[in-house]
Every structure is written in structure tokens, then in C-alpha cells.
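Heads up, the thing below is written out as C-alpha cells.
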Amino acid sequence: MKKKLKISLLPGDGIGQEISIEAKKVLTWLVKKIDLDIELNEELVGGASIDTLGTPLSNETLDRISKSDAIILGAVGGPKWESLDFEKRPERGLLKIRKELDLFANFRPAIVFEPLINSSSLKPEIIKDLDILIIRELTGGIYFGQPRGIEKIEEDNHRGFNTLVYTTKEIKRIAKVAFDTAMTRSRKLCSVDKANVLESTELWRNVMIETSREYPDVELSHMYVDNAAMQLVRDPKQFDVIVTTNMFGDILSDCASMLTGSLGMLPSASIGITNTGDTKAMYEPVHGSAPDIAGKGLANPLAMILSIGMMFKYSFANEAIFEIINKAVETVLKKGFRTKDIFSNGKTIVSTSHMGDKILEELN
Ligand code: IPM
Ligand code: MG
């Protein structure tokens, strides 16, 4: 008997809603044409959840999605909820899923699709055939460190503070994921830190070095984050796998996305490994909810669709579907169809849903 795949889809806010419609089209196609047994459950997160349930992620939702085989998330946030207390904002919903499910390893590939080579702001020869992977630690560091807050010192003077903290164990487990991944690629790993200034990342560097002894075939290098940002735009092909902290990974992955032409092209996978060796995972585009273009059919659904591909590769060990989806994206781009963010002269501009239809045509 076929195994039923339980998938939770959390569209969230802004363009998250539109790109989720396209994700559903692709999933429905897979059910019909590949005969997969998928149970798809839609759930609320972010602002959408605040409006209906009064919280960015309810415990009931968390409980249900944690029992599914994989989670797909659109995007969260928007001006409507920006004035809320910090703990009640849409982003807290996303961060709660990451933390509660312990999704500590975030994979953010930056791959240049040949047809988009002219959409990048960088020269074609700098980015041609670019294929790098940023592995971002996702459940530690300054995003979650305690103490944190804003407190009043005196009239008209407050103190805002966060804590950048990493333990050996937290670094060790992301290091292992990074070294294991490097072993499956070109065996080059660059660890990005700020060890010249921040003790927590000095520890990060030491643990990386210590772990490297277990992986004699992987060439480990280190780079300070400021230099890494510069090198990413100067000569991105010097990198293969990059491993870094939560906040540095957030920043560097946006930077890397622009090498590929658009933030609208980058999928991601966030993976946790439980004590019993099971994996939990969430798939989401790297981009945000883009409230400025939401509801206008301008959003690029490709990062979302590519995230579905990653789900099949990482959660369901189905490399074939991963390849089929990537191929469909590549061909649609080759045929000249572009959403506005990746448009260039001579190409055909399409809306969000039109782009989804083109992918389906190609899949067919
Ligand atoms: C990302 C986003 C999130 C982050 C936000 C929405 C909380 O920027 O996934 O990169 O900072 O991690
Ligand atoms: Mg980000």
C-alpha cells in the first residue's frame, strides 16, 4: 500500500496566500498524475492567525502540524500587525514553529538558472553555473538568546538588548550537518563567524575545527562575516557550502539570493533530527510576505514551488520529483516566461497564477 503523506500548508500573510494557491496546484497535480497519496491540511500562522485566533500560532495548530510528515509555509508579517507587542507579532509564529519543532538546520541553496543569468545585478561570468548552499543555524544565537527586551532606564532613555549565545552542543550538531552535506558535494566547507570580536562565535570556530577532525576529507575554511558578505558579491563561485549562525545566515542568504536574480527564486528547508533519529521539516521560500505587492498577482511563486521539490528530496527521499520540479522551472524560464521581479527585455511577463499554470503545463 502507498504511504499517505500528511502535509500541512500554512499560507500566512501577504503574498504567502497567492504563492500557496500555486503550491496547491502543483501538489494536486502530483496526486493526480504521479498517484501520490497526499493529505493536505491548511493551517493558520502569522497575521492570518492573529486575526482569527488572536495569536500568531495557536498550540492546537502547533500540535497538528507537528504530527504531519512535512510543513510548507508561505510567508508571515505585514504593516497591519507591526504595532503589536513583540510577542504577538506574526514573525513569532514562524519562530515558534522553528523552535518548538527544533528545526535547527536551515538549508538555503542559491542556484543560478541559466535563463536568468541576465536578471542578476552581477555580471554573467561572475554567476554563471553558480550553485552554493548556505546552512544556517536556525534555533539558537541572538534570535533566541536570553535575556532580551527593552527596559526603561530613566525618563526618555531605554535600553534594548539581546543576547548572542551558542553552546558547544548547538554548534556541534549544525557542524555535523554541514560536514555531512559537504561530503556529498565538493567537500569544501566555509564557516562564517565574527570570531575576532564575538566570543560566542570564537567558540563556534573552535567547535568547527574540532569537528573537522572527524572529516579529514573536507577542506574547512573560516571567514569573518563582513568579508564573507563582500566575497559573496565579488566572487561567489569560490564558495560551495557555507555554514553560519542564525543571524549571519539570515543576512547572507538574502545577499546570496540576489546573485540568482531574485529573492523570489530561493527555496529553503528547515530540518530537525529528533532523539529517536526521526526528522521533522518545514519548507518555505526565503522571501517574506512582500505586503507592497500582495494581492496584485505580481508575486513570483517559483521559490515556493521549488520548496515543494526540496520537500520531496529531503522529507520523502524522492529525488525524482525534486528533479521533475526543477526541470519544469528551468524550462518555463527558458521559454521566456517571467514574473515582474525577474523580467528582462524581450521576455513574456506573467502573473503569479499564470506562472503556476505554465509550470503545470511543463509538468504535464
Ligand atoms: C527568514 C526571515 C525570518 C527570519 C523572519 C520573517 C522572522 O527573514 O526566514 O529569513 O529572520 O529568520
Ligand atoms: Mg531573512
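In the C-alpha cells, chains take letters A, B, ... by order of appearance, with residues numbered from 1 within each chain and ligands from 1 in the order shown.
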
For ligand 1, return the neighbouring residues as a short mmCIF file (atom, residue, chain, number, x, y, z; two decimals) with C-alpha atoms, in the first residue's frame (distance at most 10 Å; only C-alpha atoms and all ligand atoms).
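result.cif written:
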```cif
data_model
loop_
_atom_site.label_atom_id
_atom_site.label_comp_id
_atom_site.auth_asym_id
_atom_site.auth_seq_id
_atom_site.Cartn_x
_atom_site.Cartn_y
_atom_site.Cartn_z
CA GLY A 46 1.18 34.81 11.38
CA ALA A 75 5.34 33.94 4.48
CA VAL A 76 4.36 35.95 7.56
CA GLY A 77 4.12 39.59 8.55
CA ARG A 89 3.62 39.68 16.08
CA PRO A 90 3.28 37.38 13.05
CA GLU A 91 7.03 36.58 12.99
CA ARG A 92 6.73 34.99 16.43
CA GLY A 93 4.52 32.32 14.88
CA LEU A 94 7.22 31.30 12.43
CA LEU A 95 9.95 31.43 15.07
CA ARG A 98 11.24 26.58 14.24
CA ASN A 106 18.25 25.51 7.60
CA ARG A 108 19.27 27.73 1.66
CA ARG A 136 22.05 28.48 8.65
CA LEU A 138 18.08 28.25 12.97
CA THR A 139 17.11 27.71 16.60
CA TYR A 143 17.28 35.18 17.74
CA ASN A 246 21.26 32.25 12.80
CA MET A 247 21.56 35.98 12.18
CA GLY A 249 22.71 33.22 7.82
CA ASP A 250 19.62 35.41 7.62
CA ILE A 251 21.64 38.27 6.18
CA LEU A 252 23.95 36.31 3.90
CA SER A 253 21.11 34.30 2.38
CA ASP A 254 19.27 37.43 1.27
CA SER A 268 14.58 26.57 1.77
CA SER A 270 14.47 23.65 7.83
CA GLU A 284 9.43 27.80 2.86
CA PRO A 285 10.59 30.36 0.33
CA VAL A 286 13.40 32.57 1.65
CA HIS A 287 11.47 35.73 0.75
CA GLY A 288 8.98 37.47 3.02
CA SER A 289 5.32 38.42 2.71
#
```

Within stretch 174-362 of chain A, find each residue whose DSSP state, derived from the backbone, is alpha helix (DSSP H), and express the selection as a PyMOL selection string. chain A and resi 174-184+199-212+225-234+246-259+302-314+319-334+352-362

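For the set A:Asn157, A:Gln238, A:Ser49, A:Ser257, the residue with the smallest atom-to-atom gap to ligand 2 is A:Ser257, counting only C-alpha atoms and all ligand atoms.
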
For A:Leu302, work out the shell of residues within 7 Å, counting only C-alpha atoms and skipping chain neighbours fewer than 4 positions away, then give it as a CSV table (one decimal) with C-alpha atoms, in the first residue's frame.
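The new file around_5.csv reads:
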```
chain,number,residue,atom,x,y,z
A,264,GLY,CA,11.6,35.2,-5.4
A,265,MET,CA,13.7,32.2,-6.7
A,306,LEU,CA,11.0,24.8,-5.6
```

Identify which of the residues A:Leu266, A:Lys194, A:Phe312, A:Asn118 lies closest to ligand 2, counting only C-alpha atoms and all ligand atoms when measuring atom-to-atom distances.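 Distance minimum relative to ligand 2 lands on A:Leu266.
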
Which residues come within 12 Å of A:Arg234, counting only C-alpha atoms, excluding same-chain residues fewer than 2 positions away, as a ChimeraX atom specification? /A:121-123,125-127,227-232,236-239,255-256,259

Would you mind exporting N, CA and C atoms of the selected residues as a PDB file, in the first residue's frame?
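out.pdb written:
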```
ATOM      1  N   SER A 121      22.024  41.398 -10.804  1.00  0.00           N
ATOM      2  CA  SER A 121      22.697  42.689 -10.959  1.00  0.00           C
ATOM      3  C   SER A 121      24.200  42.479 -11.147  1.00  0.00           C
ATOM      4  N   LEU A 122      24.638  41.227 -11.037  1.00  0.00           N
ATOM      5  CA  LEU A 122      26.057  40.941 -11.253  1.00  0.00           C
ATOM      6  C   LEU A 122      26.318  40.488 -12.690  1.00  0.00           C
ATOM      7  N   LYS A 123      27.572  40.628 -13.108  1.00  0.00           N
ATOM      8  CA  LYS A 123      27.945  40.242 -14.480  1.00  0.00           C
ATOM      9  C   LYS A 123      27.752  38.741 -14.670  1.00  0.00           C
ATOM     10  N   GLU A 125      29.407  36.406 -16.104  1.00  0.00           N
ATOM     11  CA  GLU A 125      30.535  35.485 -15.869  1.00  0.00           C
ATOM     12  C   GLU A 125      30.778  35.254 -14.374  1.00  0.00           C
ATOM     13  N   ILE A 126      30.347  36.187 -13.540  1.00  0.00           N
ATOM     14  CA  ILE A 126      30.544  36.029 -12.088  1.00  0.00           C
ATOM     15  C   ILE A 126      29.594  34.962 -11.529  1.00  0.00           C
ATOM     16  N   ILE A 127      28.411  34.855 -12.123  1.00  0.00           N
ATOM     17  CA  ILE A 127      27.398  33.969 -11.527  1.00  0.00           C
ATOM     18  C   ILE A 127      27.042  32.741 -12.363  1.00  0.00           C
ATOM     19  N   ASN A 227      33.708  40.080   5.675  1.00  0.00           N
ATOM     20  CA  ASN A 227      34.441  39.651   4.490  1.00  0.00           C
ATOM     21  C   ASN A 227      33.581  38.707   3.628  1.00  0.00           C
ATOM     22  N   ALA A 228      32.842  37.811   4.285  1.00  0.00           N
ATOM     23  CA  ALA A 228      32.004  36.853   3.539  1.00  0.00           C
ATOM     24  C   ALA A 228      30.962  37.585   2.690  1.00  0.00           C
ATOM     25  N   ALA A 229      30.377  38.641   3.251  1.00  0.00           N
ATOM     26  CA  ALA A 229      29.379  39.419   2.506  1.00  0.00           C
ATOM     27  C   ALA A 229      30.029  40.016   1.264  1.00  0.00           C
ATOM     28  N   MET A 230      31.233  40.530   1.468  1.00  0.00           N
ATOM     29  CA  MET A 230      31.959  41.147   0.354  1.00  0.00           C
ATOM     30  C   MET A 230      32.340  40.091  -0.691  1.00  0.00           C
ATOM     31  N   GLN A 231      32.864  38.947  -0.221  1.00  0.00           N
ATOM     32  CA  GLN A 231      33.284  37.886  -1.148  1.00  0.00           C
ATOM     33  C   GLN A 231      32.113  37.302  -1.933  1.00  0.00           C
ATOM     34  N   LEU A 232      30.926  37.281  -1.309  1.00  0.00           N
ATOM     35  CA  LEU A 232      29.748  36.743  -1.993  1.00  0.00           C
ATOM     36  C   LEU A 232      29.402  37.543  -3.237  1.00  0.00           C
ATOM     37  N   PRO A 236      31.391  34.871  -5.962  1.00  0.00           N
ATOM     38  CA  PRO A 236      30.589  33.878  -5.223  1.00  0.00           C
ATOM     39  C   PRO A 236      30.978  32.429  -5.504  1.00  0.00           C
ATOM     40  N   LYS A 237      31.578  32.179  -6.663  1.00  0.00           N
ATOM     41  CA  LYS A 237      31.869  30.779  -7.012  1.00  0.00           C
ATOM     42  C   LYS A 237      33.020  30.188  -6.206  1.00  0.00           C
ATOM     43  N   GLN A 238      33.699  31.009  -5.393  1.00  0.00           N
ATOM     44  CA  GLN A 238      34.734  30.450  -4.511  1.00  0.00           C
ATOM     45  C   GLN A 238      34.099  29.592  -3.418  1.00  0.00           C
ATOM     46  N   PHE A 239      32.772  29.754  -3.209  1.00  0.00           N
ATOM     47  CA  PHE A 239      32.101  29.013  -2.135  1.00  0.00           C
ATOM     48  C   PHE A 239      31.406  27.770  -2.674  1.00  0.00           C
ATOM     49  N   CYS A 255      21.477  38.144   0.680  1.00  0.00           N
ATOM     50  CA  CYS A 255      22.531  38.615  -0.222  1.00  0.00           C
ATOM     51  C   CYS A 255      22.743  37.593  -1.348  1.00  0.00           C
ATOM     52  N   ALA A 256      22.850  36.317  -0.977  1.00  0.00           N
ATOM     53  CA  ALA A 256      23.077  35.258  -1.970  1.00  0.00           C
ATOM     54  C   ALA A 256      21.917  35.160  -2.947  1.00  0.00           C
ATOM     55  N   LEU A 259      22.207  37.100  -6.090  1.00  0.00           N
ATOM     56  CA  LEU A 259      23.132  36.579  -7.092  1.00  0.00           C
ATOM     57  C   LEU A 259      22.350  35.779  -8.127  1.00  0.00           C
TER      58      LEU A 259
END
```

Find the residues near A:Lys3: any atom within 10 Å, counting only C-alpha atoms, skip ones fewer than 3 places away on the same chain, and give them as a ChimeraX atom specification. /A:6,36-38

Pull N, CA, C and O atoms from the residues just selected and write them as a PDB file, in the first residue's frame.
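Output file out39.pdb follows:
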```pdb
ATOM      1  N   LYS A   6       1.202  13.124   4.981  1.00  0.00           N
ATOM      2  CA  LYS A   6       0.415  14.202   5.608  1.00  0.00           C
ATOM      3  C   LYS A   6       1.199  15.501   5.538  1.00  0.00           C
ATOM      4  O   LYS A   6       2.268  15.622   6.143  1.00  0.00           O
ATOM      5  N   LEU A  36       0.276  10.062  -6.057  1.00  0.00           N
ATOM      6  CA  LEU A  36       0.745  10.092  -4.673  1.00  0.00           C
ATOM      7  C   LEU A  36      -0.463  10.232  -3.755  1.00  0.00           C
ATOM      8  O   LEU A  36      -1.455  10.860  -4.106  1.00  0.00           O
ATOM      9  N   ASP A  37      -0.365   9.648  -2.589  1.00  0.00           N
ATOM     10  CA  ASP A  37      -1.449   9.760  -1.620  1.00  0.00           C
ATOM     11  C   ASP A  37      -1.085  10.879  -0.635  1.00  0.00           C
ATOM     12  O   ASP A  37      -0.308  10.669   0.291  1.00  0.00           O
ATOM     13  N   ILE A  38      -1.630  12.067  -0.903  1.00  0.00           N
ATOM     14  CA  ILE A  38      -1.287  13.218  -0.063  1.00  0.00           C
ATOM     15  C   ILE A  38      -2.529  13.713   0.673  1.00  0.00           C
ATOM     16  O   ILE A  38      -3.577  13.904   0.071  1.00  0.00           O
TER      17      ILE A  38
END
```

Please report as CSV every residue of stretch 22-130 of chain A lying within 9 Å of stretch 352-359 of chain A, along with the nearest atom pair and their distance in Å (one decimal), using only C-alpha atoms.
```
residue,atom,partner,partner_atom,distance
A:Glu22,CA,A:Gly356,CA,5.3
A:Ala23,CA,A:Gly356,CA,8.0
A:Lys25,CA,A:Gly356,CA,7.4
A:Val26,CA,A:Gly356,CA,7.8
```

Any chance you can output those residues with N, CA, C and O atoms as a compact mmCIF listing (two decimals), in the first residue's frame?
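Everything below was put into result-v3.txt:
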```txt
# COMPACT_ATOMS: atom_id res chain seq x y z
N GLU A 22 -0.60 28.49 -5.79
CA GLU A 22 0.21 27.84 -6.83
C GLU A 22 0.83 26.55 -6.30
O GLU A 22 0.94 25.56 -7.02
N ALA A 23 1.21 26.57 -5.03
CA ALA A 23 1.76 25.34 -4.41
C ALA A 23 0.70 24.24 -4.43
O ALA A 23 1.00 23.08 -4.73
N LYS A 25 -1.71 23.89 -6.54
CA LYS A 25 -1.86 23.38 -7.91
C LYS A 25 -0.84 22.27 -8.17
O LYS A 25 -1.17 21.23 -8.73
N VAL A 26 0.40 22.53 -7.76
CA VAL A 26 1.46 21.55 -8.02
C VAL A 26 1.21 20.27 -7.22
O VAL A 26 1.34 19.16 -7.74
```

Restricting the calculation to only C-alpha atoms and all ligand atoms: of A:Phe248, A:Lys176, A:Pro147, A:Lys80, which residue gets closest to ligand 2? A:Phe248

For ligand 2, the nearest of the candidates A:Val225, A:Leu263, A:Ile174, A:Ala294, counting only C-alpha atoms and all ligand atoms: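 Closest to ligand 2, using only C-alpha atoms and all ligand atoms: A:Leu263.
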
Hey, what's within 8 Å of A:Gly74 if we count only C-alpha atoms and toss same-chain stuff fewer than 2 positions away? As JSON, numbers by chain, please? {"A": [10, 11, 12, 13, 15, 16, 17, 19, 20, 72, 76, 284, 285, 289, 304]}

For the selection you just gave me, I'd like the residues written to a file as a compact mmCIF listing (two decimals), in the first residue's frame, keeping C-alpha atoms.
```txt
# COMPACT_ATOMS: atom_id res chain seq x y z
CA LEU A 10 0.46 27.38 6.18
CA PRO A 11 -0.03 30.21 3.65
CA GLY A 12 0.39 33.00 6.23
CA ASP A 13 0.23 36.61 5.06
CA ILE A 15 1.96 37.07 -0.99
CA GLY A 16 2.11 33.90 1.12
CA GLN A 17 -1.55 33.48 0.23
CA ILE A 19 2.00 31.56 -3.79
CA SER A 20 0.24 28.92 -1.68
CA ILE A 72 5.03 24.09 3.86
CA VAL A 76 4.36 35.95 7.56
CA GLU A 284 9.43 27.80 2.86
CA PRO A 285 10.59 30.36 0.33
CA SER A 289 5.32 38.42 2.71
CA MET A 304 7.50 28.22 -3.19
```

Long-range neighbours of A:Phe316 as a ChimeraX atom specification, 12 Å cut-off, only C-alpha atoms, 2 positions minimum in chain: /A:3-7,36,38,69-70,279-281,308-314,318-322

Work out how far apart atom CA of A:Trp204 and atom CA of A:Thr274 are and give it in Å to one decimal.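 One can read the atom CA of A:Trp204 to atom CA of A:Thr274 distance as 22.3 Å.
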
Separation of atom CA of A:Glu214 and atom CA of A:Asp278, in Å? 23.0 Å

My list of candidates is A:Asn41, A:Tyr224, A:Pro79, A:Arg148. Which is closest to A:Pro291 when distances are computed with only C-alpha atoms? A:Pro79

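Minimum distance to A:Phe113 across A:Leu130, A:Leu363, A:Ile65, A:Ala48 (counting only C-alpha atoms) occurs at A:Leu130.
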
Provide the atom CA of A:Leu220 to atom CA of A:Ile134 distance in Å, to one decimal place. 14.4 Å
